[in-house]
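Q: Input file: structure-v1.cif. Contents: mmCIF, C-alpha atoms.
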```cif
data_structure
#
loop_
_atom_site.label_atom_id
_atom_site.label_comp_id
_atom_site.auth_asym_id
_atom_site.auth_seq_id
_atom_site.Cartn_x
_atom_site.Cartn_y
_atom_site.Cartn_z
CA MET A 20 12.60 7.86 32.05
CA SER A 21 15.12 9.71 29.88
CA ARG A 22 16.06 13.28 30.68
CA ARG A 23 15.35 14.39 27.12
CA ARG A 24 13.08 13.50 24.25
CA ASP A 25 13.72 14.32 20.62
CA TYR A 26 10.88 15.11 18.25
CA TYR A 27 11.35 15.27 14.49
CA ASN A 28 8.60 16.12 12.01
CA ASP A 29 6.09 15.30 14.75
CA PRO A 30 2.86 17.34 14.81
CA GLN A 31 2.47 16.41 18.52
CA ALA A 32 5.84 17.97 19.43
CA PRO A 33 5.79 20.75 22.01
CA LYS A 34 6.52 24.28 20.79
CA ALA A 35 10.16 25.35 21.07
CA ASN A 36 10.95 27.94 23.75
CA SER A 37 14.75 28.18 23.34
CA LEU A 38 17.47 28.21 20.73
CA VAL A 39 21.05 27.42 21.79
CA PRO A 40 24.03 27.25 19.38
CA GLY A 41 25.75 23.90 19.46
CA GLY A 42 28.12 21.78 17.46
CA SER A 43 29.30 18.23 17.01
CA ALA A 44 32.28 16.38 15.63
CA LEU A 45 32.31 13.69 12.99
CA VAL A 46 35.60 11.91 13.63
CA VAL A 47 36.60 8.92 11.53
CA ASP A 48 39.46 6.48 12.23
CA GLU A 49 41.78 4.79 9.71
CA ALA A 50 39.25 1.97 9.19
CA GLY A 51 36.48 4.42 8.29
CA ASP A 52 34.59 3.91 11.57
CA VAL A 53 32.88 6.92 13.18
CA LEU A 54 33.43 8.08 16.77
CA MET A 55 30.10 7.68 18.57
CA GLN A 56 28.88 7.88 22.13
CA ARG A 57 25.81 6.28 23.65
CA ARG A 58 24.09 9.15 25.43
CA SER A 59 23.16 8.62 29.06
CA ASP A 60 20.20 11.03 28.76
CA SER A 61 18.43 9.32 25.84
CA GLY A 62 20.12 5.95 25.25
CA ASN A 63 20.74 6.89 21.62
CA TRP A 64 24.10 6.73 19.88
CA SER A 65 25.26 10.17 18.79
CA LEU A 66 28.21 12.20 17.62
CA PRO A 67 30.12 13.94 20.42
CA GLY A 68 29.23 17.59 20.86
CA GLY A 69 27.33 20.13 22.87
CA THR A 70 26.46 23.77 23.32
CA MET A 71 28.67 26.84 23.28
CA GLU A 72 29.81 28.63 26.37
CA ILE A 73 30.38 32.38 26.52
CA GLY A 74 33.94 33.22 25.52
CA GLU A 75 34.53 30.36 23.10
CA THR A 76 34.11 29.81 19.38
CA LEU A 77 31.95 26.98 18.11
CA GLU A 78 35.09 25.13 17.00
CA GLN A 79 36.52 25.44 20.52
CA CYS A 80 33.19 24.17 21.88
CA VAL A 81 33.30 21.05 19.70
CA ILE A 82 36.93 20.34 20.64
CA ARG A 83 36.11 20.80 24.36
CA GLU A 84 32.94 18.70 24.23
CA THR A 85 34.69 15.86 22.38
CA LYS A 86 37.41 15.82 25.05
CA GLU A 87 34.86 15.94 27.90
CA GLU A 88 32.55 13.30 26.44
CA CYS A 89 35.01 10.94 24.76
CA GLY A 90 38.49 11.64 26.15
CA LEU A 91 39.99 12.42 22.76
CA ASP A 92 41.83 15.54 21.66
CA ILE A 93 40.76 16.50 18.15
CA GLU A 94 41.43 19.17 15.60
CA ILE A 95 38.75 20.56 13.30
CA THR A 96 39.43 19.70 9.65
CA GLY A 97 36.29 20.82 7.83
CA LEU A 98 32.56 21.36 7.84
CA LEU A 99 29.96 18.64 7.24
CA GLY A 100 26.97 20.92 7.53
CA ILE A 101 24.65 23.29 9.33
CA TYR A 102 21.56 21.66 10.86
CA THR A 103 18.86 24.08 12.04
CA ASP A 104 15.61 22.33 11.08
CA PRO A 105 12.78 23.82 13.22
CA GLU A 106 10.98 20.48 12.90
CA HIS A 107 13.59 18.97 15.28
CA VAL A 108 12.96 19.98 18.87
CA ILE A 109 14.36 18.51 22.06
CA GLU A 110 12.23 18.48 25.21
CA TYR A 111 14.04 18.40 28.55
CA VAL A 112 12.53 17.44 31.91
CA ASP A 113 13.04 21.01 33.22
CA GLY A 114 10.52 22.37 30.66
CA GLU A 115 13.00 23.64 28.11
CA VAL A 116 12.05 22.77 24.52
CA ARG A 117 15.01 23.55 22.30
CA GLN A 118 14.94 23.99 18.54
CA GLU A 119 17.88 22.23 16.91
CA PHE A 120 20.87 24.42 16.11
CA ASN A 121 23.88 22.26 15.31
CA ILE A 122 26.91 22.79 13.14
CA THR A 123 28.72 19.52 12.50
CA PHE A 124 32.46 19.67 11.85
CA PHE A 125 34.86 17.04 10.61
CA GLY A 126 37.56 16.28 13.14
CA ARG A 127 40.76 14.27 13.41
CA VAL A 128 42.17 12.66 16.56
CA ARG A 129 45.37 14.31 17.80
CA GLY A 130 45.72 12.52 21.14
CA GLY A 131 44.03 11.35 24.29
CA ARG A 132 42.32 8.02 24.85
CA ILE A 133 38.69 6.98 24.68
CA THR A 134 36.91 7.34 28.01
CA VAL A 135 33.27 7.36 29.11
CA SER A 136 31.88 10.45 30.84
CA ASP A 137 28.75 11.05 32.90
CA GLU A 138 27.08 12.05 29.60
CA SER A 139 27.68 8.66 27.98
CA THR A 140 27.42 4.98 28.80
CA GLU A 141 29.70 3.80 25.97
CA VAL A 142 32.15 5.47 23.58
CA ARG A 143 33.79 3.82 20.59
CA PHE A 144 34.41 3.94 16.87
CA VAL A 145 31.46 2.31 15.12
CA GLY A 146 31.33 0.92 11.59
CA MET A 147 28.82 2.53 9.25
CA ASP A 148 27.24 -0.87 8.59
CA GLU A 149 26.82 -1.50 12.34
CA LEU A 150 24.99 1.81 12.85
CA ALA A 151 21.90 0.49 11.04
CA ASP A 152 21.19 -1.81 14.01
CA LEU A 153 21.85 0.73 16.79
CA PRO A 154 19.44 3.28 18.28
CA VAL A 155 20.41 6.51 16.48
CA HIS A 156 18.11 9.52 16.15
CA GLU A 157 17.02 10.32 12.59
CA THR A 158 18.75 13.72 12.64
CA VAL A 159 22.08 12.03 13.44
CA ARG A 160 21.41 9.45 10.72
CA LEU A 161 20.94 12.39 8.32
CA ARG A 162 24.44 13.66 9.18
CA LEU A 163 25.89 10.19 8.76
CA ARG A 164 24.21 9.90 5.34
CA HIS A 165 25.66 13.26 4.34
CA TYR A 166 29.10 11.99 5.38
CA ALA A 167 28.64 8.74 3.44
CA GLU A 168 27.62 10.71 0.33
CA GLN A 169 31.05 12.43 0.37
CA ARG A 170 29.45 15.73 -0.53
CA ALA A 171 31.63 18.35 -2.22
CA GLU A 172 29.89 21.16 -0.30
CA PRO A 173 28.60 21.37 3.29
CA TYR A 174 24.90 20.75 3.90
CA LEU A 175 22.97 23.93 4.65
CA GLY A 176 19.64 23.36 6.29
#
```
So, in terms of structure tokens, how does the structure I just supplied come out?
A:
Amino acid sequence: MSRRRDYYNDPQAPKANSLVPGGSALVVDEAGDVLMQRRSDSGNWSLPGGTMEIGETLEQCVIRETKEECGLDIEITGLLGIYTDPEHVIEYVDGEVRQEFNITFFGRVRGGRITVSDESTEVRFVGMDELADLPVHETVRLRLRHYAEQRAEPYLG
């Protein structure tokens, strides 16, 4: 059994009981492939990221989480969007039900090397065409669509 379950636009979803600021990085290589990790807690492919710790900015959080989860040093280069849809909740085995609060930044690799952490079973750059056949949660697919649309302004939602 996975340690978390995502619900999206599901009337059977449990009611949220927490809200935690978090962020993720959308990092693209020279070939246009996106840095993705296969999460050990859900089995889904996702962008690297996580939740803020006291004493850091959200940008610092995303840089730290990308290093911890993927082994790469990145710099933040822009903002893809703000994702706070209350219809997306994440239920954890400890009883926490978290409403989504994610700000997704664009990032660029500055160093390091790809490694797998205890939060992932695989980490690699994945082609946009390949993502259609991989298990990816709909809210991450939304971010990938926003990236593919090459929006002039960040998504606010």
Q: Would you mind telling me which residue in A:Ala50, A:Ala44, A:Met55, A:Leu99 lies nearest to Val81 (chain A) when using all atoms listed in the file?
A: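 Checking each candidate against Val81 (chain A), we get A:Ala44 as the closest.
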Q: Please work out which residues fall within 12 Å of (36.3, 14.1, 22.3), coordinates as given in the file, with all atoms listed in the file counting, and return them as an NGL selection string.
A: :A and (43-47 or 54-56 or 66-69 or 79-95 or 126-136 or 138-139 or 142-144)
Q: Quick one, how far is CA of Phe125 (chain A) from CA of Ser59 (chain A)?
A: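 Atom-to-atom, CA of Phe125 (chain A) to CA of Ser59 (chain A), that is 23.4 Å.
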Q: Compare A:Pro173, A:Gly100, A:Pro33, A:Gly51 by their minimum atom-to-atom distance to Val116 (chain A), counting only C-alpha atoms, and give me the closest one.
A: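 Nearest to Val116 (chain A): A:Pro33.
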Q: Of the candidates A:Gln118, A:Asn63, A:Thr70, A:Thr140, which one gets nearest to Ala35 (chain A) if we count all atoms listed in the file?
A: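 Ranking A:Gln118, A:Asn63, A:Thr70, A:Thr140 by distance to Ala35 (chain A), first place goes to A:Gln118.
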Q: What's the separation between CA of Tyr174 (chain A) and CA of Leu98 (chain A), in Å to one decimal place?
A: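 Answer for the CA of Tyr174 (chain A) to CA of Leu98 (chain A) separation: 8.6 Å.
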Q: Take the PyMOL selection byres ((chain A and resi 102) around 9), run it mentally on this structure, and tell me the resulting residues as a VMD selection string.
A: chain A and resid 100 to 101 103 to 104 119 to 123 158 162 174 to 176
Q: What gap, in Å, lies between CA of Asp148 (chain A) and CA of Gly62 (chain A)?
A: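 A separation of 19.4 Å between them.
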Q: Any chance you could resolve the PyMOL selection byres ((chain A and resi 38) around 6) against this file and give the residues as a list of chain:residue names?
A: A:Ser37, A:Val39, A:Arg117, A:Gln118
